[in-house]
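Q: Okay, here's the structure, questions in a sec.
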Amino acid sequence: AGARRATAICNELGGRMLKSTCTSKKMLLLLRAAILLRAVAAAKDALNADPRTQKTCREFYGARGDRSVVTTEDRIARRGASTPRPAYKCTRGAPYGRFVDASDGPPVWYHEIPKCGSTTVKAWLRALHAQNKRNKQFEVARSFAVVREPLDRFLSGYGTVRHRGRDHWPFNDTNADEATTFERFVKLLLREGDALATARPKERTRCLWYHVFSQMWFLELAPRPLDRVLRLEGLANDLPELLRTFPLVGPDNASLPAALPPRHNTAEGNFDTRTLRTASPSGVALALRYLAQDYACLGYPLPEGSSGDGVV
């Protein structure tokens with residue numbers, strides 16, 4: 001059976017290309033190449049799948065049903081698998097996410113996660129501004145999201161909260177150095193979690209905290225499993241494949257280009273994240289505890305020195 005399979009693969013992949021007889025050596029080489037290509041394709045498909053369906057992710061803090069997991073923020077709030085999540089103000093209706101038209105059927109839902117190149121992606125989709133009314137017109141039939149290396153995203157989000165929050169929050173003590181401020185920031189997040197967005201009804205900047213909530217917290221807002229979960233680090237190379245899966249079109253019904261526009265909003269807060277990594281090792285260690293589930297679920301390698309332990 002193996003020989004017959006090798007011959008078939010050789011004839012299929014190599015016979016026409018090489019225009020020669022499939023010898024045993026050629027058959028072996030082509031069989032190995034075919035197996036490798038299929039393994040790479042299968043691994044990429046698994047990587048691009050909704051992580052909430054993956055065993056490692058479902059076992060990290062526990063799962064709810066077949067497409068939902070307990071997140072870091074749930075853990076902080078002591079919400080278990082049987083406890084429903086509260087209602088959030090900043091969800092699909094306003095302002096995160098966009099429906100994008102496609103030439104082959106119903107609109108495709110872009111499940112936006114802040115600080116994952118979302119402003120650049122929205123510029124590419126030609127949908128920079130919130131579309132709350134349009135977001136409520138359709139049911140999500142197919143979808144994609146973009147994720148990012150967790151610590152890189154968290155530090156970027158810290159810059160956003162730090163910049164927009166100014167001295168409004170207790171961690172923003174103007175007399176403290178950046179390392180101390182960052183550590184206070186992470187401790188506040190570990191203590192309150194998503195209550196920073198739900199338990200402060202008069203807080204005008206509570207949606208601002210969404211920029212540092214875990215990426216799994218955002219994926220939990222998706223009403224159905226996501227069809228594609230792409231990595232920001234490889235997004236430029238993945239656009240052609242995404243457009244083959246979803247032939248997206250702009251407002252003028254023209255096909256979207258297979259290239260991203262210039263990056264937007266790259267360094268809000270104007271501070272050096274590389275310096276902060278070395279200046280606040282205790283703050284980074286606390287942040288990695290907060291982000292442990294994202295690393296486990298999204299498949300990014302843990303930074304050196306991280307134990308991978310989550311919140312307790």
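Going by the structure tokens order, chains are called A, B, ..., each with residues numbered from 1, while ligands are numbered from 1 in the order shown.
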List as a list in words the protein and nucleic acid residues near Asp66 in chain A, meaning an atom at most 9 Å away when only C-alpha atoms are counted, but skip any in the same chain fewer than 3 places from it.

A: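 Listing them by chain and then by number gives Arg52, Thr53, Ala63 and Val69 of chain A.
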
Q: For N, CA and C atoms, I'd like the residues from the last selection saved as a PDB file, in the first residue's frame.

A:
ATOM      1  N   ARG A  52      -9.825  28.360  21.173  1.00  0.00           N
ATOM      2  CA  ARG A  52     -10.782  27.866  22.173  1.00  0.00           C
ATOM      3  C   ARG A  52     -11.199  26.433  21.902  1.00  0.00           C
ATOM      4  N   THR A  53     -10.881  25.910  20.740  1.00  0.00           N
ATOM      5  CA  THR A  53     -11.198  24.518  20.421  1.00  0.00           C
ATOM      6  C   THR A  53     -10.017  23.593  20.682  1.00  0.00           C
ATOM      7  N   ALA A  63     -13.053  25.081  30.664  1.00  0.00           N
ATOM      8  CA  ALA A  63     -13.839  25.416  29.477  1.00  0.00           C
ATOM      9  C   ALA A  63     -15.322  25.513  29.804  1.00  0.00           C
ATOM     10  N   VAL A  69     -13.921  29.281  26.827  1.00  0.00           N
ATOM     11  CA  VAL A  69     -12.979  28.954  27.892  1.00  0.00           C
ATOM     12  C   VAL A  69     -13.070  29.990  29.007  1.00  0.00           C
TER      13      VAL A  69
END

Q: Enumerate, in order of chain and increasing residue number, the residues of range 155-261 of chain A with an atom no farther than 8 Å from range 117-128 of chain A, each with its shortest atom pair and distance in Å to one decimal, counting only C-alpha atoms, as JSON lines.

A:
{"residue": "A:Leu232", "atom": "CA", "partner": "A:Gly117", "partner_atom": "CA", "distance": 6.7}
{"residue": "A:Val249", "atom": "CA", "partner": "A:Leu125", "partner_atom": "CA", "distance": 8.0}
{"residue": "A:Gly250", "atom": "CA", "partner": "A:Arg126", "partner_atom": "CA", "distance": 6.3}
{"residue": "A:Pro251", "atom": "CA", "partner": "A:Arg126", "partner_atom": "CA", "distance": 7.4}
{"residue": "A:Leu256", "atom": "CA", "partner": "A:Leu125", "partner_atom": "CA", "distance": 7.2}
{"residue": "A:Leu260", "atom": "CA", "partner": "A:Trp124", "partner_atom": "CA", "distance": 5.9}
{"residue": "A:Pro261", "atom": "CA", "partner": "A:Trp124", "partner_atom": "CA", "distance": 6.1}

Q: Could those selected residues go to a file with N, CA and C atoms, as a CSV table (one decimal), in the first residue's frame?

A:
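The resulting file, part-v2.csv, is reproduced below:
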chain,number,residue,atom,x,y,z
A,232,LEU,N,-0.1,38.8,13.9
A,232,LEU,CA,0.3,40.1,13.4
A,232,LEU,C,1.7,40.0,12.8
A,249,VAL,N,-13.9,42.8,-0.2
A,249,VAL,CA,-14.0,43.9,-1.1
A,249,VAL,C,-14.2,45.2,-0.3
A,250,GLY,N,-13.8,46.3,-0.8
A,250,GLY,CA,-14.0,47.6,-0.1
A,250,GLY,C,-15.4,48.2,-0.4
A,251,PRO,N,-15.6,49.4,0.2
A,251,PRO,CA,-16.9,50.0,0.0
A,251,PRO,C,-17.3,50.2,-1.5
A,256,LEU,N,-9.8,44.0,-2.2
A,256,LEU,CA,-8.8,44.6,-1.3
A,256,LEU,C,-7.4,44.1,-1.8
A,260,LEU,N,-0.6,45.4,3.2
A,260,LEU,CA,-1.1,46.3,4.2
A,260,LEU,C,-0.6,47.8,3.9
A,261,PRO,N,-1.4,48.7,4.4
A,261,PRO,CA,-1.0,50.1,4.3
A,261,PRO,C,0.1,50.4,5.4

Q: In Å to one decimal, how far is CA of Leu302 in chain A from CA of Asp227 in chain A?

A: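 Between CA of Asp227 in chain A and CA of Leu302 in chain A the gap works out to 25.2 Å.
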
Q: I need the strand (DSSP E) residues of range 198-268 of chain A per DSSP on the backbone, written as a PDB file with C-alpha atoms, in the first residue's frame.

A:
ATOM      1  CA  ARG A 228      -9.056  32.212  10.953  1.00  0.00           C
ATOM      2  CA  VAL A 229      -6.808  33.502  13.727  1.00  0.00           C
ATOM      3  CA  LEU A 230      -3.771  35.153  12.173  1.00  0.00           C
ATOM      4  CA  ARG A 231      -0.585  36.440  13.790  1.00  0.00           C
TER       5      ARG A 231
END

Q: Could you make a table, as JSON lines, of the residues of range 242-291 of chain A that have an atom within 12 Å of an atom of range 101-108 of chain A, each with its nearest atom pair and distance in Å to one decimal, counting only C-alpha atoms, in chain and number order?

A:
{"residue": "A:Leu242", "atom": "CA", "partner": "A:Val108", "partner_atom": "CA", "distance": 11.3}
{"residue": "A:Leu243", "atom": "CA", "partner": "A:Ala102", "partner_atom": "CA", "distance": 9.4}
{"residue": "A:Arg244", "atom": "CA", "partner": "A:Asp104", "partner_atom": "CA", "distance": 10.6}
{"residue": "A:Thr245", "atom": "CA", "partner": "A:Asp104", "partner_atom": "CA", "distance": 9.9}
{"residue": "A:Phe246", "atom": "CA", "partner": "A:Ala102", "partner_atom": "CA", "distance": 6.5}
{"residue": "A:Pro247", "atom": "CA", "partner": "A:Ala102", "partner_atom": "CA", "distance": 5.3}
{"residue": "A:Leu248", "atom": "CA", "partner": "A:Ala102", "partner_atom": "CA", "distance": 4.2}
{"residue": "A:Val249", "atom": "CA", "partner": "A:Ala102", "partner_atom": "CA", "distance": 5.4}
{"residue": "A:Gly250", "atom": "CA", "partner": "A:Asp101", "partner_atom": "CA", "distance": 6.9}
{"residue": "A:Pro251", "atom": "CA", "partner": "A:Asp101", "partner_atom": "CA", "distance": 7.8}
{"residue": "A:Asp252", "atom": "CA", "partner": "A:Asp101", "partner_atom": "CA", "distance": 10.0}
{"residue": "A:Asn253", "atom": "CA", "partner": "A:Ser103", "partner_atom": "CA", "distance": 7.8}
{"residue": "A:Ala254", "atom": "CA", "partner": "A:Ser103", "partner_atom": "CA", "distance": 9.1}
{"residue": "A:Ser255", "atom": "CA", "partner": "A:Ser103", "partner_atom": "CA", "distance": 8.2}
{"residue": "A:Leu256", "atom": "CA", "partner": "A:Ala102", "partner_atom": "CA", "distance": 9.7}

Q: Could you dump the residues just selected with N, CA and C atoms as an mmCIF file, in the first residue's frame?

A:
data_model
loop_
_atom_site.group_PDB
_atom_site.id
_atom_site.type_symbol
_atom_site.label_atom_id
_atom_site.label_comp_id
_atom_site.auth_asym_id
_atom_site.auth_seq_id
_atom_site.Cartn_x
_atom_site.Cartn_y
_atom_site.Cartn_z
ATOM 1 N N LEU A 242 -5.556 34.744 3.163
ATOM 2 C CA LEU A 242 -6.804 35.227 3.744
ATOM 3 C C LEU A 242 -7.770 35.659 2.644
ATOM 4 N N LEU A 243 -7.264 36.337 1.638
ATOM 5 C CA LEU A 243 -8.124 36.809 0.547
ATOM 6 C C LEU A 243 -8.595 35.669 -0.343
ATOM 7 N N ARG A 244 -7.851 34.577 -0.383
ATOM 8 C CA ARG A 244 -8.360 33.399 -1.099
ATOM 9 C C ARG A 244 -9.498 32.759 -0.326
ATOM 10 N N THR A 245 -9.387 32.765 1.004
ATOM 11 C CA THR A 245 -10.451 32.206 1.837
ATOM 12 C C THR A 245 -11.678 33.111 1.836
ATOM 13 N N PHE A 246 -11.422 34.399 2.004
ATOM 14 C CA PHE A 246 -12.493 35.399 2.023
ATOM 15 C C PHE A 246 -12.166 36.475 0.988
ATOM 16 N N PRO A 247 -12.772 36.453 -0.183
ATOM 17 C CA PRO A 247 -12.495 37.489 -1.197
ATOM 18 C C PRO A 247 -13.111 38.823 -0.802
ATOM 19 N N LEU A 248 -12.414 39.541 0.093
ATOM 20 C CA LEU A 248 -12.944 40.764 0.669
ATOM 21 C C LEU A 248 -12.918 41.906 -0.341
ATOM 22 N N VAL A 249 -13.904 42.770 -0.230
ATOM 23 C CA VAL A 249 -13.987 43.940 -1.100
ATOM 24 C C VAL A 249 -14.232 45.178 -0.258
ATOM 25 N N GLY A 250 -13.824 46.330 -0.790
ATOM 26 C CA GLY A 250 -14.012 47.589 -0.104
ATOM 27 C C GLY A 250 -15.384 48.167 -0.359
ATOM 28 N N PRO A 251 -15.642 49.370 0.161
ATOM 29 C CA PRO A 251 -16.948 50.025 -0.033
ATOM 30 C C PRO A 251 -17.316 50.227 -1.492
ATOM 31 N N ASP A 252 -16.304 50.284 -2.374
ATOM 32 C CA ASP A 252 -16.574 50.470 -3.806
ATOM 33 C C ASP A 252 -16.673 49.135 -4.546
ATOM 34 N N ASN A 253 -16.702 48.018 -3.791
ATOM 35 C CA ASN A 253 -16.780 46.663 -4.346
ATOM 36 C C ASN A 253 -15.515 46.243 -5.083
ATOM 37 N N ALA A 254 -14.449 46.998 -4.948
ATOM 38 C CA ALA A 254 -13.175 46.592 -5.525
ATOM 39 C C ALA A 254 -12.455 45.649 -4.562
ATOM 40 N N SER A 255 -11.781 44.642 -5.102
ATOM 41 C CA SER A 255 -11.055 43.684 -4.265
ATOM 42 C C SER A 255 -9.988 44.396 -3.445
ATOM 43 N N LEU A 256 -9.840 43.978 -2.195
ATOM 44 C CA LEU A 256 -8.813 44.574 -1.346
ATOM 45 C C LEU A 256 -7.434 44.110 -1.802
#

Q: When distances are computed from only C-alpha atoms, which of A:Arg75, A:Arg184, A:His211, A:Arg224 shows the smallest separation from Cys90 in chain A?

A: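 Residue with the minimum atom-to-atom distance to Cys90 in chain A: A:His211.
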
Q: Could you tell me how far CA of Asp74 in chain A sits from CA of Leu288 in chain A, in Å to one decimal place?

A: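 According to the coordinates, CA of Leu288 in chain A and CA of Asp74 in chain A are separated by 16.7 Å.
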
Q: Contacts of Leu188 in chain A at 12 Å or less, counting only C-alpha atoms, minus same-chain residues fewer than 5 places along, as a compact mmCIF listing (two decimals) with C-alpha atoms, in the first residue's frame?

A:
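The resulting file, out13.txt, is reproduced below:
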# COMPACT_ATOMS: atom_id res chain seq x y z
CA ILE A 76 -9.39 36.97 38.83
CA TRP A 169 -5.34 56.66 37.89
CA PRO A 170 -3.53 55.99 41.18
CA PHE A 171 -0.68 54.14 39.46
CA ASN A 172 0.09 57.31 37.46
CA THR A 181 4.53 52.95 37.71
CA PHE A 182 4.43 49.87 35.48
CA GLU A 183 4.56 47.49 38.44
CA GLY A 193 -9.19 42.33 36.15
CA ASP A 194 -12.12 43.27 33.93
CA ALA A 195 -13.86 44.93 36.87
CA LEU A 196 -11.86 47.93 35.71
CA TRP A 209 -8.61 49.24 29.90
CA VAL A 212 -4.58 45.44 28.10
CA GLY A 283 6.63 44.19 36.77
CA LEU A 286 3.78 39.89 37.08
CA ALA A 287 2.64 40.74 33.56
CA TYR A 290 -1.37 37.70 33.69

Q: Applying 12 Å and only C-alpha atoms, which residues near Gly308 in chain A remain after dropping the ones on its own chain fewer than 2 positions away? List them as a list in words.

A: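 Skipping anything fewer than 2 positions along the chain leaves Phe60, Ala285, Leu286, Ala287, Leu288, Arg289, Tyr290, Leu291, Ala292, Gln293, Asp294, Tyr295, Ala296, Cys297, Tyr300, Pro301, Leu302, Pro303, Glu304, Gly305, Ser306, Gly310 and Val311 of chain A.
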
Q: Keeping only C-alpha atoms, write the selected residues to a file as a PDB file, in the first residue's frame.

A:
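Wrote it out as out.pdb, contents follow:
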ATOM      1  CA  PHE A  60      -5.548  25.968  31.127  1.00  0.00           C
ATOM      2  CA  ALA A 285       7.222  38.893  35.767  1.00  0.00           C
ATOM      3  CA  LEU A 286       3.780  39.893  37.085  1.00  0.00           C
ATOM      4  CA  ALA A 287       2.640  40.737  33.562  1.00  0.00           C
ATOM      5  CA  LEU A 288       3.733  37.305  32.332  1.00  0.00           C
ATOM      6  CA  ARG A 289       1.554  35.682  34.990  1.00  0.00           C
ATOM      7  CA  TYR A 290      -1.370  37.701  33.686  1.00  0.00           C
ATOM      8  CA  LEU A 291      -0.521  36.695  30.112  1.00  0.00           C
ATOM      9  CA  ALA A 292       0.251  33.015  30.714  1.00  0.00           C
ATOM     10  CA  GLN A 293      -3.034  31.834  29.184  1.00  0.00           C
ATOM     11  CA  ASP A 294      -2.457  33.890  26.048  1.00  0.00           C
ATOM     12  CA  TYR A 295       0.930  32.240  25.584  1.00  0.00           C
ATOM     13  CA  ALA A 296      -0.546  28.767  26.083  1.00  0.00           C
ATOM     14  CA  CYS A 297      -3.586  29.310  23.860  1.00  0.00           C
ATOM     15  CA  TYR A 300       3.698  31.855  21.235  1.00  0.00           C
ATOM     16  CA  PRO A 301       6.903  30.699  22.967  1.00  0.00           C
ATOM     17  CA  LEU A 302       7.275  31.917  26.533  1.00  0.00           C
ATOM     18  CA  PRO A 303       9.930  34.561  27.153  1.00  0.00           C
ATOM     19  CA  GLU A 304      13.079  33.345  28.812  1.00  0.00           C
ATOM     20  CA  GLY A 305      12.680  32.976  32.549  1.00  0.00           C
ATOM     21  CA  SER A 306       8.891  32.685  32.507  1.00  0.00           C
ATOM     22  CA  GLY A 310      -1.104  31.788  35.457  1.00  0.00           C
ATOM     23  CA  VAL A 311      -3.075  33.658  38.095  1.00  0.00           C
TER      24      VAL A 311
END

Q: Would you list, as a short mmCIF file (atom, residue, chain, number, x, y, z; two decimals) with C-alpha atoms, in the first residue's frame, the residues of range 96-278 of chain A that end up in helix (DSSP H, G or I) under DSSP run on this structure's backbone?

A:
data_model
loop_
_atom_site.label_atom_id
_atom_site.label_comp_id
_atom_site.auth_asym_id
_atom_site.auth_seq_id
_atom_site.Cartn_x
_atom_site.Cartn_y
_atom_site.Cartn_z
CA SER A 118 -6.10 46.81 14.55
CA THR A 119 -5.85 50.41 13.29
CA THR A 120 -3.68 49.27 10.38
CA VAL A 121 -6.04 46.37 9.60
CA LYS A 122 -9.06 48.67 9.68
CA ALA A 123 -7.27 51.05 7.32
CA TRP A 124 -6.64 48.08 5.00
CA LEU A 125 -10.31 47.11 5.23
CA ASN A 132 -22.18 50.15 15.28
CA LYS A 133 -25.46 50.14 13.34
CA ARG A 134 -24.02 47.98 10.57
CA ASN A 135 -22.53 45.62 13.14
CA PRO A 150 1.35 38.72 24.28
CA LEU A 151 4.01 40.73 26.12
CA ASP A 152 4.64 43.01 23.13
CA ARG A 153 0.91 43.71 22.94
CA PHE A 154 0.62 44.25 26.70
CA LEU A 155 3.45 46.79 26.77
CA SER A 156 1.91 48.59 23.81
CA GLY A 157 -1.43 48.63 25.63
CA TYR A 158 0.25 49.96 28.75
CA GLY A 159 1.57 52.86 26.68
CA THR A 160 -1.95 53.61 25.47
CA VAL A 161 -3.54 53.48 28.93
CA ARG A 162 -0.67 55.44 30.44
CA HIS A 163 -0.91 58.12 27.75
CA ARG A 164 -4.69 58.52 27.65
CA GLY A 165 -5.26 58.00 31.35
CA GLU A 178 8.47 54.31 34.97
CA ALA A 179 9.44 50.92 36.41
CA THR A 180 7.50 51.57 39.63
CA THR A 181 4.53 52.95 37.71
CA PHE A 182 4.43 49.87 35.48
CA GLU A 183 4.56 47.49 38.44
CA ARG A 184 1.69 49.35 40.15
CA PHE A 185 -0.25 49.19 36.89
CA VAL A 186 0.12 45.40 36.59
CA LYS A 187 -0.76 44.85 40.26
CA LEU A 188 -3.95 46.88 39.81
CA LEU A 189 -4.88 44.78 36.78
CA LEU A 190 -4.14 41.52 38.61
CA ARG A 191 -6.27 42.69 41.51
CA GLU A 192 -9.31 43.95 39.60
CA ALA A 195 -13.86 44.93 36.87
CA LEU A 196 -11.86 47.93 35.71
CA ALA A 197 -14.36 48.06 32.83
CA THR A 198 -17.51 46.86 34.58
CA ARG A 206 -13.16 52.36 31.44
CA CYS A 207 -13.13 51.19 27.80
CA LEU A 208 -9.50 52.26 27.75
CA TRP A 209 -8.61 49.24 29.90
CA TYR A 210 -9.68 46.91 27.11
CA HIS A 211 -6.30 47.64 25.51
CA GLN A 215 -6.46 38.37 23.97
CA MET A 216 -8.44 35.33 25.10
CA TRP A 217 -10.81 37.73 26.87
CA PHE A 218 -11.47 39.31 23.48
CA LEU A 219 -11.83 36.00 21.66
CA LEU A 232 0.34 40.08 13.43
CA GLU A 233 4.00 39.11 13.01
CA GLY A 234 3.23 37.20 9.79
CA LEU A 235 0.16 39.08 8.65
CA ALA A 236 1.73 40.69 5.60
CA ASN A 237 2.60 37.24 4.24
CA ASP A 238 -0.79 35.73 5.20
CA LEU A 239 -2.95 38.30 3.41
CA PRO A 240 -3.01 36.47 0.04
CA GLU A 241 -4.23 33.28 1.73
CA LEU A 242 -6.80 35.23 3.74
CA LEU A 243 -8.12 36.81 0.55
CA ARG A 244 -8.36 33.40 -1.10
CA THR A 245 -10.45 32.21 1.84
CA THR A 273 9.31 49.17 25.85
CA ARG A 274 12.75 47.58 25.50
CA THR A 275 14.07 49.68 28.36
CA LEU A 276 11.01 48.88 30.48
CA ARG A 277 11.61 45.14 30.03
CA THR A 278 14.99 45.46 31.75
#

Q: Quote the spacing between CA of Arg79 in chain A and CA of Arg58 in chain A in Å to one decimal place.

A: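 We find that CA of Arg79 in chain A and CA of Arg58 in chain A lie 15.2 Å from each other.
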
Q: Looking at A:Asp272, A:Glu112, A:Asp309, A:Glu220, which one is nearest to Pro51 in chain A, with distances taken over only C-alpha atoms?

A: A:Glu220

Q: For Arg85 in chain A, which residue out of A:Glu139, A:Asp50, A:Glu59, A:Glu73 is the nearest one, using only C-alpha atoms?

A: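 Looking at the shortest contact to Arg85 in chain A, the residue is A:Glu73.
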
Q: Just checking: using only C-alpha atoms, which residue out of A:Tyr110, A:Ser307, A:Leu298, A:Val312 ends up closest to Arg78 in chain A?

A: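 Closest to Arg78 in chain A, using only C-alpha atoms: A:Val312.
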